[in-house]
Amino acid sequence: MSDTQDPTSPRGLAALLGPAEVRSLAEEFGVRPTKQLGQNFVHDANTVRRIVASAGVGRGDTVLEVGPGLGSLTLALLDVVDRVVAVEIDPNLAARLPVTVADRGADLADRLTVVEADAMRVQPAQIPGEPTALVANLPYNVAVPVLLHLFSELPSLRTALVMVQAEVADRLAATPGSKIYGVPSVKANFFGRVRRAGSVGRAVFWPVPKVESGLVRIDRYDEPPWPVDDATRKRVFAVVDAAFAQRRKTLRAALGGWAGSSAEAERRLVAAGIEPSARGETLDAAAFVRLAAQGSIV
């Protein structure tokens, strides 16, 4: 990440959106927030500034934003980074975002690229340049799949600072042995170090969601402790899914289908240095990588 720009001191070029502006733009664009697309628009300038500051982005960064909506976070990002690539699935919002940016920060318009696409399926060829950071208010209903897909497809992403449902934030940042540690926790840790980065109240959104929100930060490993190629990732994710499909079972029993039999599962577990009577929630990402490697050489 660039350290030549203080993210807490925006250049002040954009007029950020407040509650009145968000509602006015929504009415002007004919936007009715839908649960299907997970649309809850942030209307608090201090919140979006805090998100940008927590992301640690600055000059030299190309930020990928997913679900920019009406542009609240987009405008705050454009104040401090060189380029924002905004991926928006709603064609109406995708078409309107450049207009909003031009109206509220004319000098920022050439820093924005809008890609009309589904973030769960977007491919690197659709994303111009090499984004260095993901900063987004992710749609809550698809937050984890989107996050994992983007880290899988875009190795240039060094960090992510995302706002998700508080419960999801807790699960992503959970550590082995906790009751909420599970598939999202392991898979996120496959890519980098994960931590909670704060909470966000419901009142800063329109419409007001029924759940609390949380910020999660992921810093990709500078030197990955294991291979991170697609083949390895798919093998690791397969064994993670199998291990947590039946949480109450021991790994020897839970991984019988994955390994072909309980006896073969036990053999692979022992070879990976894992107690067969252990359960999935006690293993860190490194243990799952070792176990997946055993499966690949049988």
# chains A, B, ... in the order shown; residues from 1 in each chain; ligands from 1

$ residues_around --residues "Phe205 in chain A" --least-positions-apart "6" --cutoff "9 Å" --atoms "only C-alpha atoms" --output "list of chain:residue names"
A:Pro19, A:Asn40, A:Phe41, A:Val42, A:His43, A:Asp44

$ select_by_dssp --residues "range 3-187 of chain A" --states "helix (DSSP H, G or I)" --output "PyMOL selection string"
chain A and resi 19-29+45-55+72-78+91-104+106-111+124-126+140-153+166-172+183-187

$ residues_around --residues "range 64-72 of chain A" --least-positions-apart "2" --cutoff "8 Å" --atoms "only C-alpha atoms" --output "ChimeraX atom specification"
/A:16-17,22,25-26,39,41-43,45,48,62,74-76,84-89,93-94,96-97,100-101,119,131-139

$ residues_around --residues "range 274-286 of chain A" --least-positions-apart "2" --cutoff "10 Å" --atoms "only C-alpha atoms" --output "ChimeraX atom specification"
/A:175-183,185-191,225-226,236,239-255,262-263,265-272,288-292

$ write_last_selection --atoms "N, CA and C atoms" --output "short mmCIF file (atom, residue, chain, number, x, y, z; two decimals), in the first residue's frame"
data_model
loop_
_atom_site.label_atom_id
_atom_site.label_comp_id
_atom_site.auth_asym_id
_atom_site.auth_seq_id
_atom_site.Cartn_x
_atom_site.Cartn_y
_atom_site.Cartn_z
N THR A 175 -11.09 -17.58 15.50
CA THR A 175 -9.88 -18.40 15.61
C THR A 175 -10.23 -19.84 15.97
N PRO A 176 -9.33 -20.79 15.67
CA PRO A 176 -9.61 -22.20 15.96
C PRO A 176 -10.01 -22.43 17.41
N GLY A 177 -11.01 -23.28 17.60
CA GLY A 177 -11.46 -23.61 18.94
C GLY A 177 -12.69 -22.86 19.38
N SER A 178 -13.02 -21.76 18.69
CA SER A 178 -14.21 -21.00 19.08
C SER A 178 -15.45 -21.61 18.43
N LYS A 179 -16.60 -21.34 19.01
CA LYS A 179 -17.85 -21.93 18.53
C LYS A 179 -18.23 -21.44 17.15
N ILE A 180 -17.78 -20.23 16.78
CA ILE A 180 -18.18 -19.67 15.48
C ILE A 180 -17.11 -19.86 14.41
N TYR A 181 -16.02 -20.53 14.76
CA TYR A 181 -14.96 -20.82 13.79
C TYR A 181 -15.48 -21.87 12.82
N GLY A 182 -15.32 -21.60 11.52
CA GLY A 182 -15.85 -22.53 10.54
C GLY A 182 -15.29 -22.30 9.16
N VAL A 183 -16.07 -22.66 8.15
CA VAL A 183 -15.62 -22.60 6.76
C VAL A 183 -15.14 -21.20 6.36
N SER A 185 -13.95 -18.81 8.17
CA SER A 185 -12.73 -18.50 8.92
C SER A 185 -11.52 -19.12 8.26
N VAL A 186 -11.60 -20.42 7.95
CA VAL A 186 -10.46 -21.13 7.38
C VAL A 186 -10.14 -20.62 5.98
N LYS A 187 -11.17 -20.45 5.16
CA LYS A 187 -10.94 -20.05 3.78
C LYS A 187 -10.38 -18.64 3.68
N ALA A 188 -10.83 -17.74 4.53
CA ALA A 188 -10.27 -16.39 4.52
C ALA A 188 -8.81 -16.42 4.96
N ASN A 189 -8.51 -17.25 5.96
CA ASN A 189 -7.13 -17.35 6.44
C ASN A 189 -6.21 -18.05 5.46
N PHE A 190 -6.76 -18.76 4.50
CA PHE A 190 -5.94 -19.35 3.45
C PHE A 190 -5.21 -18.25 2.67
N PHE A 191 -5.88 -17.10 2.50
CA PHE A 191 -5.31 -16.01 1.69
C PHE A 191 -4.46 -15.04 2.50
N PRO A 225 2.65 -18.96 3.42
CA PRO A 225 3.23 -20.10 4.15
C PRO A 225 2.95 -21.44 3.47
N TRP A 226 2.21 -21.42 2.37
CA TRP A 226 1.88 -22.63 1.62
C TRP A 226 1.60 -22.23 0.17
N VAL A 236 -7.74 -27.71 -0.84
CA VAL A 236 -7.91 -27.28 0.55
C VAL A 236 -9.37 -26.96 0.84
N VAL A 239 -11.55 -30.12 1.32
CA VAL A 239 -11.44 -30.81 2.60
C VAL A 239 -12.04 -29.96 3.73
N VAL A 240 -11.95 -28.65 3.62
CA VAL A 240 -12.58 -27.77 4.61
C VAL A 240 -14.10 -27.97 4.59
N ASP A 241 -14.67 -27.96 3.40
CA ASP A 241 -16.12 -28.15 3.28
C ASP A 241 -16.54 -29.49 3.88
N ALA A 242 -15.75 -30.53 3.60
CA ALA A 242 -16.09 -31.87 4.12
C ALA A 242 -15.97 -31.91 5.64
N ALA A 243 -14.95 -31.27 6.18
CA ALA A 243 -14.71 -31.32 7.62
C ALA A 243 -15.81 -30.63 8.42
N PHE A 244 -16.40 -29.58 7.84
CA PHE A 244 -17.41 -28.82 8.59
C PHE A 244 -18.84 -29.19 8.20
N ALA A 245 -18.99 -30.12 7.26
CA ALA A 245 -20.34 -30.51 6.85
C ALA A 245 -21.08 -31.20 7.99
N GLN A 246 -20.32 -31.86 8.85
CA GLN A 246 -20.89 -32.54 10.01
C GLN A 246 -20.03 -32.21 11.23
N ARG A 247 -20.28 -31.03 11.79
CA ARG A 247 -19.40 -30.47 12.82
C ARG A 247 -19.24 -31.36 14.05
N ARG A 248 -20.27 -32.11 14.38
CA ARG A 248 -20.24 -32.88 15.62
C ARG A 248 -19.42 -34.16 15.47
N LYS A 249 -19.10 -34.53 14.24
CA LYS A 249 -18.36 -35.77 14.03
C LYS A 249 -16.86 -35.53 14.14
N THR A 250 -16.15 -36.59 14.51
CA THR A 250 -14.69 -36.51 14.47
C THR A 250 -14.26 -36.41 13.02
N LEU A 251 -13.03 -35.94 12.81
CA LEU A 251 -12.54 -35.81 11.45
C LEU A 251 -12.45 -37.17 10.76
N ARG A 252 -12.12 -38.21 11.52
CA ARG A 252 -12.05 -39.55 10.93
C ARG A 252 -13.39 -39.91 10.29
N ALA A 253 -14.48 -39.60 10.97
CA ALA A 253 -15.81 -39.91 10.45
C ALA A 253 -16.27 -38.91 9.41
N ALA A 254 -16.04 -37.63 9.67
CA ALA A 254 -16.52 -36.58 8.77
C ALA A 254 -15.85 -36.63 7.40
N LEU A 255 -14.61 -37.09 7.36
CA LEU A 255 -13.85 -37.07 6.11
C LEU A 255 -13.86 -38.41 5.38
N SER A 262 -13.42 -44.21 6.09
CA SER A 262 -12.96 -43.69 7.37
C SER A 262 -11.53 -44.12 7.65
N ALA A 263 -11.19 -45.33 7.25
CA ALA A 263 -9.83 -45.83 7.48
C ALA A 263 -8.81 -45.01 6.68
N ALA A 265 -9.31 -41.94 5.68
CA ALA A 265 -9.29 -40.61 6.31
C ALA A 265 -8.34 -40.61 7.49
N GLU A 266 -8.40 -41.66 8.30
CA GLU A 266 -7.51 -41.74 9.46
C GLU A 266 -6.05 -41.78 9.02
N ARG A 267 -5.77 -42.54 7.98
CA ARG A 267 -4.39 -42.64 7.49
C ARG A 267 -3.86 -41.26 7.07
N ARG A 268 -4.70 -40.52 6.34
CA ARG A 268 -4.28 -39.20 5.87
C ARG A 268 -4.13 -38.22 7.04
N LEU A 269 -5.02 -38.30 7.99
CA LEU A 269 -4.94 -37.42 9.16
C LEU A 269 -3.64 -37.67 9.93
N VAL A 270 -3.34 -38.91 10.18
CA VAL A 270 -2.12 -39.24 10.90
C VAL A 270 -0.89 -38.77 10.12
N ALA A 271 -0.91 -38.98 8.80
CA ALA A 271 0.22 -38.56 7.97
C ALA A 271 0.41 -37.05 8.00
N ALA A 272 -0.70 -36.31 8.21
CA ALA A 272 -0.63 -34.85 8.27
C ALA A 272 -0.36 -34.34 9.68
N PHE A 288 -5.19 -27.75 7.59
CA PHE A 288 -6.01 -28.16 6.45
C PHE A 288 -5.18 -28.23 5.17
N VAL A 289 -4.22 -27.36 5.03
CA VAL A 289 -3.33 -27.42 3.86
C VAL A 289 -2.52 -28.73 3.88
N ARG A 290 -2.00 -29.08 5.05
CA ARG A 290 -1.25 -30.35 5.15
C ARG A 290 -2.12 -31.53 4.83
N LEU A 291 -3.35 -31.50 5.33
CA LEU A 291 -4.27 -32.61 5.10
C LEU A 291 -4.64 -32.71 3.63
N ALA A 292 -4.90 -31.59 2.99
CA ALA A 292 -5.24 -31.61 1.57
C ALA A 292 -4.10 -32.15 0.74
#

$ select_by_dssp --residues "range 79-129 of chain A" --states "strand (DSSP E or B)" --output "number ranges by chain"
A: 83-88, 112-116

$ decode --residues "range 277-295 of chain A" --atoms "N, CA and C atoms" --output "PDB file, in the first residue's frame"
ATOM      1  N   SER A 277      -9.306 -38.174  16.044  1.00  0.00           N
ATOM      2  CA  SER A 277     -10.490 -37.919  16.871  1.00  0.00           C
ATOM      3  C   SER A 277     -10.781 -36.423  17.025  1.00  0.00           C
ATOM      4  N   ALA A 278      -9.930 -35.585  16.443  1.00  0.00           N
ATOM      5  CA  ALA A 278     -10.157 -34.135  16.508  1.00  0.00           C
ATOM      6  C   ALA A 278     -11.355 -33.752  15.647  1.00  0.00           C
ATOM      7  N   ARG A 279     -11.839 -32.530  15.847  1.00  0.00           N
ATOM      8  CA  ARG A 279     -12.926 -32.001  15.023  1.00  0.00           C
ATOM      9  C   ARG A 279     -12.428 -30.803  14.217  1.00  0.00           C
ATOM     10  N   GLY A 280     -13.128 -30.516  13.151  1.00  0.00           N
ATOM     11  CA  GLY A 280     -12.675 -29.491  12.217  1.00  0.00           C
ATOM     12  C   GLY A 280     -12.427 -28.139  12.843  1.00  0.00           C
ATOM     13  N   GLU A 281     -13.233 -27.780  13.844  1.00  0.00           N
ATOM     14  CA  GLU A 281     -13.111 -26.443  14.427  1.00  0.00           C
ATOM     15  C   GLU A 281     -11.847 -26.254  15.259  1.00  0.00           C
ATOM     16  N   THR A 282     -11.076 -27.305  15.442  1.00  0.00           N
ATOM     17  CA  THR A 282      -9.823 -27.177  16.193  1.00  0.00           C
ATOM     18  C   THR A 282      -8.610 -26.979  15.292  1.00  0.00           C
ATOM     19  N   LEU A 283      -8.777 -27.100  13.972  1.00  0.00           N
ATOM     20  CA  LEU A 283      -7.649 -27.021  13.048  1.00  0.00           C
ATOM     21  C   LEU A 283      -7.489 -25.625  12.465  1.00  0.00           C
ATOM     22  N   ASP A 284      -6.257 -25.167  12.365  1.00  0.00           N
ATOM     23  CA  ASP A 284      -6.008 -23.905  11.676  1.00  0.00           C
ATOM     24  C   ASP A 284      -5.841 -24.167  10.178  1.00  0.00           C
ATOM     25  N   ALA A 285      -5.681 -23.091   9.411  1.00  0.00           N
ATOM     26  CA  ALA A 285      -5.577 -23.229   7.953  1.00  0.00           C
ATOM     27  C   ALA A 285      -4.383 -24.084   7.559  1.00  0.00           C
ATOM     28  N   ALA A 286      -3.271 -23.953   8.279  1.00  0.00           N
ATOM     29  CA  ALA A 286      -2.066 -24.710   7.946  1.00  0.00           C
ATOM     30  C   ALA A 286      -2.332 -26.214   8.039  1.00  0.00           C
ATOM     31  N   ALA A 287      -3.093 -26.648   9.033  1.00  0.00           N
ATOM     32  CA  ALA A 287      -3.399 -28.063   9.192  1.00  0.00           C
ATOM     33  C   ALA A 287      -4.246 -28.571   8.029  1.00  0.00           C
ATOM     34  N   PHE A 288      -5.195 -27.750   7.586  1.00  0.00           N
ATOM     35  CA  PHE A 288      -6.015 -28.155   6.450  1.00  0.00           C
ATOM     36  C   PHE A 288      -5.180 -28.231   5.170  1.00  0.00           C
ATOM     37  N   VAL A 289      -4.219 -27.358   5.030  1.00  0.00           N
ATOM     38  CA  VAL A 289      -3.327 -27.424   3.864  1.00  0.00           C
ATOM     39  C   VAL A 289      -2.521 -28.725   3.878  1.00  0.00           C
ATOM     40  N   ARG A 290      -1.996 -29.080   5.045  1.00  0.00           N
ATOM     41  CA  ARG A 290      -1.246 -30.346   5.150  1.00  0.00           C
ATOM     42  C   ARG A 290      -2.124 -31.535   4.831  1.00  0.00           C
ATOM     43  N   LEU A 291      -3.347 -31.500   5.326  1.00  0.00           N
ATOM     44  CA  LEU A 291      -4.266 -32.614   5.098  1.00  0.00           C
ATOM     45  C   LEU A 291      -4.639 -32.712   3.627  1.00  0.00           C
ATOM     46  N   ALA A 292      -4.903 -31.594   2.992  1.00  0.00           N
ATOM     47  CA  ALA A 292      -5.242 -31.609   1.571  1.00  0.00           C
ATOM     48  C   ALA A 292      -4.098 -32.155   0.738  1.00  0.00           C
ATOM     49  N   ALA A 293      -2.876 -31.869   1.137  1.00  0.00           N
ATOM     50  CA  ALA A 293      -1.701 -32.373   0.419  1.00  0.00           C
ATOM     51  C   ALA A 293      -1.632 -33.893   0.482  1.00  0.00           C
ATOM     52  N   GLN A 294      -2.050 -34.463   1.608  1.00  0.00           N
ATOM     53  CA  GLN A 294      -2.068 -35.916   1.733  1.00  0.00           C
ATOM     54  C   GLN A 294      -3.047 -36.530   0.723  1.00  0.00           C
ATOM     55  N   GLY A 295      -4.170 -35.847   0.561  1.00  0.00           N
ATOM     56  CA  GLY A 295      -5.153 -36.353  -0.397  1.00  0.00           C
ATOM     57  C   GLY A 295      -4.664 -36.293  -1.829  1.00  0.00           C
TER      58      GLY A 295
END
